[in-house]
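*Asks:* Below you'll find run-v3.csv; it's CSV, C-alpha atoms and all ligand atoms.
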chain,number,residue,atom,x,y,z
A,121,MET,CA,-44.4,91.4,3.9
A,122,LYS,CA,-45.6,87.8,3.7
A,123,LEU,CA,-43.9,84.8,5.4
A,124,GLU,CA,-45.4,81.4,5.2
A,125,SER,CA,-44.5,77.9,6.2
A,126,MET,CA,-46.3,74.7,7.2
A,127,SER,CA,-47.1,76.0,10.7
A,128,PHE,CA,-46.5,79.7,10.6
A,129,ARG,CA,-48.0,82.7,8.7
A,130,TYR,CA,-47.3,86.4,8.8
A,131,ASP,CA,-49.1,88.8,6.5
A,132,GLY,CA,-47.6,92.1,7.8
A,133,ARG,CA,-50.6,92.6,10.1
A,134,GLN,CA,-51.2,89.3,11.8
A,135,ILE,CA,-49.2,86.3,13.0
A,136,SER,CA,-51.0,82.9,12.9
A,137,VAL,CA,-49.6,79.7,14.1
A,138,LEU,CA,-50.8,76.1,13.6
A,139,ASP,CA,-51.6,74.8,17.1
A,140,GLN,CA,-49.3,71.8,17.2
A,141,THR,CA,-50.8,70.5,20.4
A,142,ARG,CA,-54.0,69.7,18.5
A,143,LEU,CA,-52.5,67.9,15.6
A,144,PRO,CA,-53.0,65.6,13.9
A,145,HIS,CA,-56.8,65.4,14.5
A,146,GLU,CA,-57.5,69.1,14.3
A,147,GLN,CA,-55.8,71.8,12.2
A,148,VAL,CA,-56.5,75.0,14.2
A,149,TRP,CA,-54.7,78.3,13.3
A,150,LEU,CA,-54.3,80.6,16.3
A,151,ASP,CA,-53.6,84.3,16.4
A,152,ALA,CA,-50.2,84.9,18.0
A,153,THR,CA,-49.7,88.5,16.9
A,154,GLU,CA,-49.3,89.9,20.5
A,155,PRO,CA,-46.0,88.9,22.0
A,156,ARG,CA,-47.7,87.5,25.1
A,157,GLN,CA,-49.8,85.2,22.9
A,158,MET,CA,-46.6,84.1,21.2
A,159,ILE,CA,-44.9,83.4,24.6
A,160,GLU,CA,-47.8,81.3,25.7
A,161,ALA,CA,-47.8,79.4,22.4
A,162,ILE,CA,-44.0,78.7,22.7
A,163,LYS,CA,-44.3,77.6,26.4
A,164,SER,CA,-47.2,75.3,25.7
A,165,LEU,CA,-45.5,73.9,22.5
A,166,ARG,CA,-48.3,75.1,20.2
A,167,VAL,CA,-45.2,76.5,18.4
A,168,ARG,CA,-42.3,74.2,18.8
A,169,GLY,CA,-39.1,72.8,17.3
A,170,ALA,CA,-35.8,74.7,17.8
A,171,PRO,CA,-35.7,76.6,14.5
A,172,LEU,CA,-39.3,77.5,14.5
A,173,ILE,CA,-39.4,78.9,18.0
A,174,GLY,CA,-36.5,81.3,17.1
A,175,LEU,CA,-38.2,82.5,13.9
A,176,ALA,CA,-41.6,82.9,15.5
A,177,ALA,CA,-40.2,84.8,18.4
A,178,ALA,CA,-38.2,87.0,16.0
A,179,VAL,CA,-41.2,87.9,13.8
A,180,ALA,CA,-43.4,88.6,16.9
A,181,LEU,CA,-40.7,90.9,18.3
A,182,ALA,CA,-40.1,92.7,15.0
A,183,HIS,CA,-43.8,93.2,14.5
A,184,THR,CA,-44.4,94.6,17.9
A,185,ALA,CA,-41.4,96.9,17.5
A,186,GLN,CA,-43.4,98.8,14.9
A,187,THR,CA,-45.7,100.2,17.6
A,188,VAL,CA,-43.9,100.2,20.9
A,189,ASN,CA,-40.8,101.9,22.2
A,190,GLU,CA,-37.3,100.5,22.6
A,191,ASP,CA,-37.6,99.9,26.4
A,192,GLU,CA,-40.7,97.8,25.8
A,193,VAL,CA,-39.0,95.9,23.0
A,194,ARG,CA,-36.1,95.1,25.3
A,195,THR,CA,-38.6,93.8,28.0
A,196,ILE,CA,-40.5,91.7,25.5
A,197,ALA,CA,-37.2,90.3,24.0
A,198,GLY,CA,-36.2,89.2,27.5
A,199,GLU,CA,-39.5,87.5,28.1
A,200,LEU,CA,-39.4,85.7,24.7
A,201,ARG,CA,-35.8,84.6,25.4
A,202,ALA,CA,-36.9,83.1,28.7
A,203,SER,CA,-39.9,81.2,27.2
A,204,ARG,CA,-37.8,78.0,26.5
A,205,PRO,CA,-34.2,77.7,27.7
A,206,THR,CA,-32.6,74.8,25.8
A,207,ALA,CA,-32.9,75.5,22.0
A,208,VAL,CA,-30.2,78.1,21.3
A,209,ASN,CA,-31.9,79.1,18.0
A,210,LEU,CA,-34.3,81.2,20.1
A,211,MET,CA,-31.4,83.2,21.5
A,212,TYR,CA,-29.6,83.4,18.2
A,213,CYS,CA,-32.7,84.9,16.4
A,214,LEU,CA,-33.4,87.4,19.1
A,215,ASP,CA,-29.8,88.5,19.3
A,216,ARG,CA,-29.8,89.0,15.5
A,217,LEU,CA,-32.7,91.4,15.9
A,218,MET,CA,-31.4,93.2,19.1
A,219,LYS,CA,-27.9,93.9,17.8
A,220,PHE,CA,-28.5,97.7,17.7
A,221,ALA,CA,-26.8,100.1,20.2
A,222,PRO,CA,-29.0,101.6,23.0
A,223,GLY,CA,-31.3,104.3,21.6
A,224,GLN,CA,-30.7,103.2,18.0
A,225,MET,CA,-33.6,100.8,17.5
A,226,ASP,CA,-34.7,100.6,13.8
A,227,ALA,CA,-38.0,98.8,13.7
A,228,GLY,CA,-38.0,98.5,9.9
A,229,GLN,CA,-34.6,96.9,10.0
A,230,MET,CA,-35.8,94.4,12.7
A,231,LEU,CA,-38.6,93.3,10.4
A,232,ASN,CA,-36.2,92.9,7.5
A,233,ASP,CA,-33.9,90.9,9.8
A,234,ALA,CA,-36.7,88.6,10.9
A,235,ALA,CA,-37.7,88.0,7.3
A,236,GLU,CA,-34.1,87.3,6.4
A,237,LEU,CA,-33.9,84.7,9.2
A,238,PHE,CA,-37.0,83.0,8.0
A,239,TYR,CA,-35.8,82.7,4.4
A,240,GLU,CA,-32.3,81.7,5.6
A,241,ASP,CA,-33.8,78.9,7.6
A,242,GLN,CA,-35.5,77.5,4.5
A,243,ALA,CA,-32.2,77.6,2.6
A,244,LEU,CA,-30.4,76.0,5.6
A,245,CYS,CA,-32.9,73.2,5.6
A,246,ASP,CA,-32.5,72.5,1.9
A,247,ARG,CA,-28.7,72.4,2.3
A,248,ILE,CA,-28.9,70.0,5.3
A,249,ALA,CA,-31.2,67.7,3.3
A,250,LYS,CA,-28.9,67.7,0.3
A,251,HIS,CA,-25.6,67.2,2.3
A,252,GLY,CA,-27.2,64.5,4.5
A,253,ALA,CA,-28.7,62.5,1.6
A,254,ASP,CA,-25.4,62.6,-0.4
A,255,PHE,CA,-23.4,61.6,2.7
A,256,LEU,CA,-25.6,58.8,3.7
A,257,LYS,CA,-25.8,57.3,0.2
A,258,GLU,CA,-22.1,57.3,0.1
A,259,LYS,CA,-21.4,55.9,3.6
A,260,ILE,CA,-24.2,53.4,4.1
A,261,LYS,CA,-24.4,50.8,1.4
A,262,VAL,CA,-27.8,49.2,1.8
A,263,SER,CA,-30.6,48.2,-0.6
A,264,GLN,CA,-33.1,50.0,1.6
A,265,PHE,CA,-32.6,52.7,4.2
A,266,LYS,CA,-34.5,51.8,7.4
A,267,ILE,CA,-34.2,54.9,9.6
A,268,LEU,CA,-35.3,55.4,13.2
A,269,THR,CA,-36.1,59.0,14.1
A,270,HIS,CA,-37.2,60.7,17.3
A,271,CYS,CA,-39.5,63.7,18.1
A,272,ASN,CA,-40.4,65.9,15.1
A,273,THR,CA,-37.9,67.7,13.0
A,274,GLY,CA,-39.9,68.5,9.8
A,275,GLY,CA,-41.8,71.2,8.2
A,276,LEU,CA,-43.8,71.8,11.4
A,277,ALA,CA,-40.6,72.5,13.3
A,278,THR,CA,-38.8,74.8,10.8
A,279,ALA,CA,-39.6,77.3,8.1
A,280,GLY,CA,-38.6,74.8,5.4
A,281,VAL,CA,-38.3,71.1,4.8
A,282,GLY,CA,-36.9,70.3,8.3
A,283,THR,CA,-33.6,69.0,9.5
A,284,ALA,CA,-33.6,65.2,10.2
A,285,ILE,CA,-36.9,64.8,8.3
A,286,GLY,CA,-35.5,67.0,5.6
A,287,VAL,CA,-32.6,64.5,5.1
A,288,ILE,CA,-35.1,61.6,5.2
A,289,ARG,CA,-37.4,63.1,2.6
A,290,GLU,CA,-34.5,63.9,0.3
A,291,LEU,CA,-33.2,60.4,0.6
A,292,ASN,CA,-36.7,59.1,-0.2
A,293,LYS,CA,-37.1,61.4,-3.1
A,294,GLN,CA,-33.8,60.1,-4.6
A,295,LEU,CA,-34.2,56.4,-3.7
A,296,GLY,CA,-38.0,56.0,-3.4
A,297,ASN,CA,-37.9,53.2,-0.8
A,298,VAL,CA,-36.9,54.6,2.5
A,299,HIS,CA,-38.7,53.2,5.5
A,300,VAL,CA,-39.0,55.3,8.7
A,301,PHE,CA,-39.5,54.0,12.2
A,302,VAL,CA,-41.2,56.8,14.2
A,303,ASP,CA,-40.5,56.8,17.9
A,304,GLU,CA,-43.7,58.1,19.6
A,305,THR,CA,-41.6,60.4,21.9
A,306,ARG,CA,-43.2,60.4,25.3
A,307,PRO,CA,-44.3,62.5,27.2
A,308,LEU,CA,-45.7,64.9,24.6
A,309,LEU,CA,-45.8,62.5,21.6
A,310,GLN,CA,-44.3,64.7,19.0
A,311,GLY,CA,-43.4,61.5,17.0
A,312,GLY,CA,-46.7,59.8,17.3
A,313,ARG,CA,-48.7,62.9,16.6
A,314,LEU,CA,-46.6,65.1,14.4
A,315,THR,CA,-43.9,63.0,12.6
A,316,ALA,CA,-46.4,60.2,11.8
A,317,TRP,CA,-48.6,62.9,10.3
A,318,GLU,CA,-45.8,64.5,8.3
A,319,MET,CA,-44.7,61.0,7.0
A,320,ALA,CA,-48.2,60.3,5.9
A,321,LYS,CA,-48.5,63.7,4.2
A,322,LEU,CA,-45.2,63.0,2.4
A,323,SER,CA,-46.2,59.5,1.5
A,324,ILE,CA,-43.1,58.1,3.2
A,325,SER,CA,-43.4,54.5,4.3
A,326,HIS,CA,-43.3,54.4,8.1
A,327,THR,CA,-44.1,52.4,11.2
A,328,LEU,CA,-44.9,54.0,14.5
A,329,ILE,CA,-43.4,52.5,17.6
A,330,CYS,CA,-43.4,53.2,21.4
A,331,ASP,CA,-40.0,54.5,22.6
A,332,SER,CA,-39.4,51.3,24.6
A,333,MET,CA,-39.6,49.2,21.4
A,334,ALA,CA,-36.4,50.7,19.8
A,335,ALA,CA,-34.1,48.2,21.5
A,336,SER,CA,-35.9,45.1,20.1
A,337,LEU,CA,-36.1,46.7,16.7
A,338,MET,CA,-32.4,47.3,16.6
A,339,ARG,CA,-31.6,43.8,17.9
A,340,ASP,CA,-33.7,42.3,15.2
A,341,GLY,CA,-31.7,44.1,12.5
A,342,ARG,CA,-34.6,46.2,11.3
A,343,VAL,CA,-32.9,49.6,11.5
A,344,ASN,CA,-29.7,50.6,9.6
A,345,CYS,CA,-29.3,54.1,11.0
A,346,VAL,CA,-30.7,56.7,13.4
A,347,ILE,CA,-31.2,60.3,12.4
A,348,VAL,CA,-32.3,62.9,14.9
A,349,GLY,CA,-32.5,66.7,15.2
A,350,CYS,CA,-30.9,68.9,17.9
A,351,ASP,CA,-31.7,71.9,20.1
A,352,ARG,CA,-28.1,72.9,20.9
A,353,ILE,CA,-24.7,71.5,19.9
A,354,ALA,CA,-21.7,72.2,22.1
A,355,ARG,CA,-18.2,72.8,20.7
A,356,ASN,CA,-17.1,69.3,21.5
A,357,GLY,CA,-20.1,67.8,19.6
A,358,ASP,CA,-22.3,66.9,22.6
A,359,PHE,CA,-25.8,67.8,21.8
A,360,ALA,CA,-29.2,68.4,23.4
A,361,ASN,CA,-32.3,67.0,21.8
A,362,LYS,CA,-35.7,65.7,22.9
A,363,ILE,CA,-35.6,63.4,25.9
A,364,GLY,CA,-35.1,59.9,24.8
A,365,THR,CA,-32.4,60.7,22.2
A,366,TYR,CA,-29.6,59.6,24.6
A,367,SER,CA,-31.3,56.3,25.1
A,368,LEU,CA,-31.4,55.8,21.3
A,369,ALA,CA,-27.7,56.7,21.1
A,370,VAL,CA,-26.7,54.2,23.7
A,371,LEU,CA,-28.8,51.5,22.1
A,372,ALA,CA,-27.5,52.3,18.6
A,373,ARG,CA,-23.9,52.0,19.8
A,374,HIS,CA,-24.6,48.7,21.5
A,375,HIS,CA,-26.1,47.3,18.3
A,376,GLY,CA,-23.4,48.8,16.0
A,377,ILE,CA,-25.8,51.2,14.3
A,378,PRO,CA,-24.7,54.7,13.4
A,379,LEU,CA,-26.5,57.7,14.8
A,380,PHE,CA,-26.5,61.0,12.9
A,381,VAL,CA,-27.5,64.4,14.2
A,382,ALA,CA,-28.9,67.0,11.7
A,383,GLY,CA,-29.3,70.7,12.3
A,384,PRO,CA,-28.6,74.2,11.1
A,385,SER,CA,-25.3,75.7,12.1
A,386,THR,CA,-27.3,78.2,14.1
A,387,THR,CA,-27.8,75.3,16.6
A,388,VAL,CA,-24.1,75.2,17.3
A,389,ASP,CA,-23.4,77.2,20.4
A,390,LEU,CA,-19.8,78.2,20.4
A,391,GLN,CA,-20.2,79.5,24.0
A,392,CYS,CA,-20.9,75.9,25.2
A,393,GLU,CA,-17.8,73.8,25.7
A,394,SER,CA,-19.7,70.6,26.3
A,395,ALA,CA,-23.0,69.1,27.5
A,396,LYS,CA,-22.5,70.4,31.0
A,397,ASP,CA,-23.0,74.0,29.7
A,398,ILE,CA,-26.4,73.3,28.1
A,399,PRO,CA,-29.4,74.3,30.2
A,400,ILE,CA,-32.1,71.6,30.2
A,401,GLU,CA,-35.7,72.6,30.5
A,402,GLU,CA,-37.9,70.9,33.1
A,403,ARG,CA,-41.6,70.8,32.5
A,404,GLU,CA,-44.9,70.2,34.4
A,405,ALA,CA,-45.5,66.9,36.3
A,406,ALA,CA,-48.9,66.6,34.6
A,407,GLU,CA,-47.2,65.7,31.3
A,408,VAL,CA,-45.8,62.6,32.9
A,409,ARG,CA,-48.7,61.7,35.1
A,410,GLY,CA,-50.9,61.4,32.1
A,411,VAL,CA,-51.5,62.9,28.7
A,412,THR,CA,-53.1,66.2,27.5
A,413,GLY,CA,-54.1,67.3,24.0
A,414,SER,CA,-56.9,67.3,21.5
A,415,PHE,CA,-57.2,63.6,22.1
A,416,GLY,CA,-58.4,64.4,25.7
A,417,ASN,CA,-56.9,64.8,29.1
A,418,MET,CA,-56.2,61.7,31.1
A,419,THR,CA,-54.2,61.2,34.3
A,420,TRP,CA,-53.3,57.6,35.3
A,421,ALA,CA,-50.6,58.2,37.9
A,422,PRO,CA,-51.4,59.1,41.5
A,423,ALA,CA,-51.8,62.9,41.8
A,424,GLU,CA,-49.2,62.9,44.6
A,425,SER,CA,-46.5,60.9,42.9
A,426,PRO,CA,-43.4,63.0,42.5
A,427,VAL,CA,-42.3,63.4,38.9
A,428,TRP,CA,-39.1,64.3,37.0
A,429,ASN,CA,-39.8,65.7,33.6
A,430,PRO,CA,-36.7,67.0,31.7
A,431,ALA,CA,-37.8,68.0,28.2
A,432,PHE,CA,-34.4,67.2,26.7
A,433,ASP,CA,-31.3,65.1,27.3
A,434,VAL,CA,-27.8,65.4,26.1
A,435,THR,CA,-26.0,62.8,24.0
A,436,PRO,CA,-22.2,62.7,24.3
A,437,HIS,CA,-20.2,63.3,21.1
A,438,GLU,CA,-18.6,59.9,21.2
A,439,LEU,CA,-22.0,58.3,20.4
A,440,VAL,CA,-22.4,60.4,17.2
A,441,ALA,CA,-21.3,59.1,13.9
A,442,ALA,CA,-21.6,62.5,12.1
A,443,TRP,CA,-23.1,66.0,12.5
A,444,ILE,CA,-25.1,66.9,9.4
A,445,LEU,CA,-25.2,70.7,9.0
A,446,ASP,CA,-26.0,73.1,6.2
A,447,ARG,CA,-22.2,73.8,5.9
A,448,GLY,CA,-21.5,70.1,5.3
A,449,VAL,CA,-21.2,66.9,7.1
A,450,TYR,CA,-18.6,66.6,9.9
A,451,THR,CA,-17.2,63.5,11.6
A,452,GLU,CA,-15.0,65.6,13.8
A,453,PRO,CA,-16.5,68.4,15.9
A,454,ALA,CA,-13.2,70.2,16.1
A,455,VAL,CA,-13.2,70.6,12.3
A,456,MET,CA,-16.8,71.9,12.5
A,457,VAL,CA,-15.9,74.5,15.1
A,458,GLU,CA,-12.7,75.5,13.3
A,459,GLU,CA,-14.6,76.2,10.1
A,460,MET,CA,-17.4,78.1,11.9
A,461,VAL,CA,-14.9,80.3,13.8
A,462,GLY,CA,-13.0,80.9,10.5
A,463,SER,CA,-16.0,82.0,8.6
A,464,MET,CA,-17.2,84.3,11.4
A,465,ALA,CA,-13.8,86.0,11.4
A,466,LYS,CA,-14.0,86.4,7.6
A,467,THR,CA,-17.5,88.0,8.0
A,468,GLU,CA,-16.2,90.4,10.7
A,469,ARG,CA,-13.3,91.4,8.5
A,470,ARG,CA,-15.7,92.3,5.7
A,471,GLY,CA,-17.6,94.4,8.2
A,472,LEU,CA,-20.9,92.4,7.8
B,501,LIG,O1,-39.9,70.2,22.8
B,501,LIG,P1,-39.9,70.3,21.3
B,501,LIG,O2,-41.0,69.6,20.6
B,501,LIG,O3,-39.7,71.7,20.8
B,501,LIG,O4,-38.5,69.6,20.9
B,501,LIG,C1,-38.1,69.5,19.6
B,501,LIG,C2,-36.9,68.7,19.4
B,501,LIG,O5,-36.3,68.2,20.3
B,501,LIG,C3,-36.4,68.6,18.0
B,501,LIG,O6,-35.7,67.4,17.7
B,501,LIG,C4,-35.4,69.8,17.7
B,501,LIG,O7,-36.0,71.0,18.2
B,501,LIG,C5,-35.1,69.9,16.3
B,501,LIG,S1,-36.5,70.5,15.3
B,501,LIG,C6,-35.9,70.7,13.7
Step by step, read the file and then write its structure as structure tokens.
Ligand code: MRU
*Replies:*
Amino acid sequence: MKLESMSFRYDGRQISVLDQTRLPHEQVWLDATEPRQMIEAIKSLRVRGAPLIGLAAAVALAHTAQTVNEDEVRTIAGELRASRPTAVNLMYCLDRLMKFAPGQMDAGQMLNDAAELFYEDQALCDRIAKHGADFLKEKIKVSQFKILTHCNTGGLATAGVGTAIGVIRELNKQLGNVHVFVDETRPLLQGGRLTAWEMAKLSISHTLICDSMAASLMRDGRVNCVIVGCDRIARNGDFANKIGTYSLAVLARHHGIPLFVAGPSTTVDLQCESAKDIPIEEREAAEVRGVTGSFGNMTWAPAESPVWNPAFDVTPHELVAAWILDRGVYTEPAVMVEEMVGSMAKTERRGL
């Protein structure tokens, strides 16, 4: 079995991940075959992005299931699950693999399921890109799309073309003149390091900005829409994404600019009614007191200064113009949920 994406490789014996903390200056592939290596890689954001962490964890679990017993698999699944709390894709992928009854683990089936999830994600990304581009061309009549995006939602963060970046690259493929403003995304700089790198690789015209510059950019009329990814969407349409997304949503509303959220339907958590049910990961103070990465480690804040470092924030549904999913584009979260529940019921009836 062979699975390969921009930042993930599995050849049936070894799992390798592109260390995203060292991009863009160094491209270092790390061995993450052992589940504990994978857990470290996910916690430290060497492997990151909601879809990818779910897929990487699933492959790691399925691979290890070939050699250890069911009890050990259950323990490892629990540890993988706890590695990052906000992105529901991690729980979704692990649940898909762990759906067997006690004593009935089938390691071969788990590997097939992990591969299926991987290929499924590629197909979901393609559909998000297509639906998003069609919808935006129809709804926003401009001679040039000038899109502001946040964090990194591309090939690095998924098995395929990405979510928000997938939409952007499809639009650019069709129109040829898209310009992207890339928010640098403090504290871990996924925009400045990863999205800027992906934009350059894709030859998409872009400008990097510090997060605090978005307001002036919008006021000056230099942006006509905001497109971001998501880590969890609640039933009412509230969604969690990288910290700073909510600020963009408030700014966008103030300036009359539509904000779109793009993601696979595996990011919709039907168990969450609203934002208040979404757990938000809090991370190390050192990430805010300074920077760490291949560009060096530097601390500028006093070591004793208390820090608050939530990795994500939640954007209320009323600030979202549309939810761009693989199933289609929704302007009403209730319709999105109704369709999802309906198709789940159909699948159950067919006994799948
Ligand atoms: O902490 P990260 O870098 O994993 O956060 C990633 C994001 O917030 C992305 O926007 C989200 O996971 C969607 S990736 C397609």
*Asks:* Would you pick out the contacts of Arg409 of chain A at 7 Å or less, using all atoms listed in the file, so that residues sharing its chain but fewer than 3 positions from it are not included, and give the list as a list in words?
*Replies:* Ala405, Ala406, Thr419, Trp420 and Ala421 of chain A
*Asks:* Mind dumping the selected residues with C-alpha atoms as a PDB file, in the frame of the given file?
*Replies:*
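Final output, saved to selection.pdb:
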ATOM      1  CA  ALA A 405     -45.500  66.900  36.300  1.00  0.00           C
ATOM      2  CA  ALA A 406     -48.900  66.600  34.600  1.00  0.00           C
ATOM      3  CA  THR A 419     -54.200  61.200  34.300  1.00  0.00           C
ATOM      4  CA  TRP A 420     -53.300  57.600  35.300  1.00  0.00           C
ATOM      5  CA  ALA A 421     -50.600  58.200  37.900  1.00  0.00           C
TER       6      ALA A 421
END
*Asks:* Write out as a ChimeraX atom specification the residues lying within 10 Å of His375 of chain A, counting only C-alpha atoms and excluding same-chain residues fewer than 6 positions away.
*Replies:* /A:335,338-341,343-344,369
*Asks:* Of the candidates A:Lys219, A:Ala279, A:Leu322, A:Gly169, which one gets nearest to ligand LIG 501 (chain B) if we count all atoms listed in the file?
*Replies:*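 Closest to ligand LIG 501 (chain B) of all the choices is A:Gly169.
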*Asks:* Nearest residue to ligand LIG 501 (chain B) out of A:Val281, A:Ala185, A:Leu237, A:Ala221, using only C-alpha atoms and all ligand atoms?
*Replies:*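 Closest candidate: A:Val281.
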*Asks:* Report the closest atom pair, with its distance in Å rounded to one decimal, for each residue of chain A that has an atom no farther than 8 Å from ligand LIG 501 (chain B); count only C-alpha atoms and all ligand atoms, sort by chain and then rising residue number, and write it as a tab-separated table.
*Replies:*
residue	atom	partner	partner_atom	distance
A:Leu165	CA	B:LIG501	O3	6.4
A:Val167	CA	B:LIG501	O3	7.7
A:Arg168	CA	B:LIG501	O3	4.1
A:Gly169	CA	B:LIG501	O7	3.7
A:Ala170	CA	B:LIG501	O7	3.7
A:Pro171	CA	B:LIG501	C6	6.0
A:Leu172	CA	B:LIG501	S1	7.6
A:Ile173	CA	B:LIG501	O3	7.7
A:Ala207	CA	B:LIG501	O7	6.7
A:His270	CA	B:LIG501	O6	6.9
A:Cys271	CA	B:LIG501	O6	5.3
A:Asn272	CA	B:LIG501	O6	5.6
A:Thr273	CA	B:LIG501	C6	3.7
A:Gly274	CA	B:LIG501	C6	6.0
A:Ala277	CA	B:LIG501	S1	5.0
A:Thr278	CA	B:LIG501	C6	5.8
A:Gly282	CA	B:LIG501	C6	5.5
A:Thr283	CA	B:LIG501	C6	5.1
A:Ala284	CA	B:LIG501	C6	6.9
A:Leu308	CA	B:LIG501	O2	7.8
A:Gln310	CA	B:LIG501	O2	6.1
A:Val348	CA	B:LIG501	O6	6.3
A:Gly349	CA	B:LIG501	O6	4.1
A:Cys350	CA	B:LIG501	C4	4.6
A:Asp351	CA	B:LIG501	O7	4.8
A:Ala360	CA	B:LIG501	O5	7.7
A:Asn361	CA	B:LIG501	O5	4.4
A:Lys362	CA	B:LIG501	O5	3.7
A:Ile363	CA	B:LIG501	O5	7.4
A:Gly383	CA	B:LIG501	C6	6.7
A:Ala431	CA	B:LIG501	O1	6.2
A:Phe432	CA	B:LIG501	O5	6.8
*Asks:* Fix up segment 255-272 of chain A with N, CA and C atoms, then write it as a PDB file, in the coordinates of the input.
*Replies:*
ATOM      1  N   PHE A 255     -24.289  62.261   1.756  1.00  0.00           N
ATOM      2  CA  PHE A 255     -23.400  61.600   2.700  1.00  0.00           C
ATOM      3  C   PHE A 255     -23.849  60.185   3.017  1.00  0.00           C
ATOM      4  N   LEU A 256     -25.129  60.065   3.321  1.00  0.00           N
ATOM      5  CA  LEU A 256     -25.600  58.800   3.700  1.00  0.00           C
ATOM      6  C   LEU A 256     -25.589  57.746   2.601  1.00  0.00           C
ATOM      7  N   LYS A 257     -25.894  58.220   1.393  1.00  0.00           N
ATOM      8  CA  LYS A 257     -25.800  57.300   0.200  1.00  0.00           C
ATOM      9  C   LYS A 257     -24.426  56.778   0.023  1.00  0.00           C
ATOM     10  N   GLU A 258     -23.471  57.655   0.298  1.00  0.00           N
ATOM     11  CA  GLU A 258     -22.100  57.300   0.100  1.00  0.00           C
ATOM     12  C   GLU A 258     -21.573  56.363   1.215  1.00  0.00           C
ATOM     13  N   LYS A 259     -22.012  56.641   2.454  1.00  0.00           N
ATOM     14  CA  LYS A 259     -21.400  55.900   3.600  1.00  0.00           C
ATOM     15  C   LYS A 259     -22.163  54.636   3.957  1.00  0.00           C
ATOM     16  N   ILE A 260     -23.457  54.577   3.697  1.00  0.00           N
ATOM     17  CA  ILE A 260     -24.200  53.400   4.100  1.00  0.00           C
ATOM     18  C   ILE A 260     -24.701  52.664   2.888  1.00  0.00           C
ATOM     19  N   LYS A 261     -24.074  51.535   2.657  1.00  0.00           N
ATOM     20  CA  LYS A 261     -24.400  50.800   1.400  1.00  0.00           C
ATOM     21  C   LYS A 261     -25.496  49.762   1.783  1.00  0.00           C
ATOM     22  N   VAL A 262     -26.735  50.123   1.571  1.00  0.00           N
ATOM     23  CA  VAL A 262     -27.800  49.200   1.800  1.00  0.00           C
ATOM     24  C   VAL A 262     -28.825  49.270   0.676  1.00  0.00           C
ATOM     25  N   SER A 263     -29.602  48.198   0.513  1.00  0.00           N
ATOM     26  CA  SER A 263     -30.600  48.200  -0.600  1.00  0.00           C
ATOM     27  C   SER A 263     -31.794  49.063  -0.171  1.00  0.00           C
ATOM     28  N   GLN A 264     -31.990  49.167   1.138  1.00  0.00           N
ATOM     29  CA  GLN A 264     -33.100  50.000   1.600  1.00  0.00           C
ATOM     30  C   GLN A 264     -32.684  50.701   2.919  1.00  0.00           C
ATOM     31  N   PHE A 265     -32.877  52.007   2.973  1.00  0.00           N
ATOM     32  CA  PHE A 265     -32.600  52.700   4.200  1.00  0.00           C
ATOM     33  C   PHE A 265     -33.809  52.472   5.164  1.00  0.00           C
ATOM     34  N   LYS A 266     -33.449  51.988   6.387  1.00  0.00           N
ATOM     35  CA  LYS A 266     -34.500  51.800   7.400  1.00  0.00           C
ATOM     36  C   LYS A 266     -34.032  52.683   8.581  1.00  0.00           C
ATOM     37  N   ILE A 267     -34.697  53.809   8.695  1.00  0.00           N
ATOM     38  CA  ILE A 267     -34.200  54.900   9.600  1.00  0.00           C
ATOM     39  C   ILE A 267     -35.127  55.011  10.795  1.00  0.00           C
ATOM     40  N   LEU A 268     -34.486  55.091  11.955  1.00  0.00           N
ATOM     41  CA  LEU A 268     -35.300  55.400  13.200  1.00  0.00           C
ATOM     42  C   LEU A 268     -35.079  56.862  13.494  1.00  0.00           C
ATOM     43  N   THR A 269     -36.195  57.548  13.764  1.00  0.00           N
ATOM     44  CA  THR A 269     -36.100  59.000  14.100  1.00  0.00           C
ATOM     45  C   THR A 269     -36.923  59.215  15.391  1.00  0.00           C
ATOM     46  N   HIS A 270     -36.657  60.360  16.016  1.00  0.00           N
ATOM     47  CA  HIS A 270     -37.200  60.700  17.300  1.00  0.00           C
ATOM     48  C   HIS A 270     -37.798  62.091  17.272  1.00  0.00           C
ATOM     49  N   CYS A 271     -38.867  62.340  17.990  1.00  0.00           N
ATOM     50  CA  CYS A 271     -39.500  63.700  18.100  1.00  0.00           C
ATOM     51  C   CYS A 271     -39.960  64.118  16.687  1.00  0.00           C
ATOM     52  N   ASN A 272     -40.023  65.421  16.457  1.00  0.00           N
ATOM     53  CA  ASN A 272     -40.400  65.900  15.100  1.00  0.00           C
ATOM     54  C   ASN A 272     -39.482  67.001  14.677  1.00  0.00           C
TER      55      ASN A 272
END
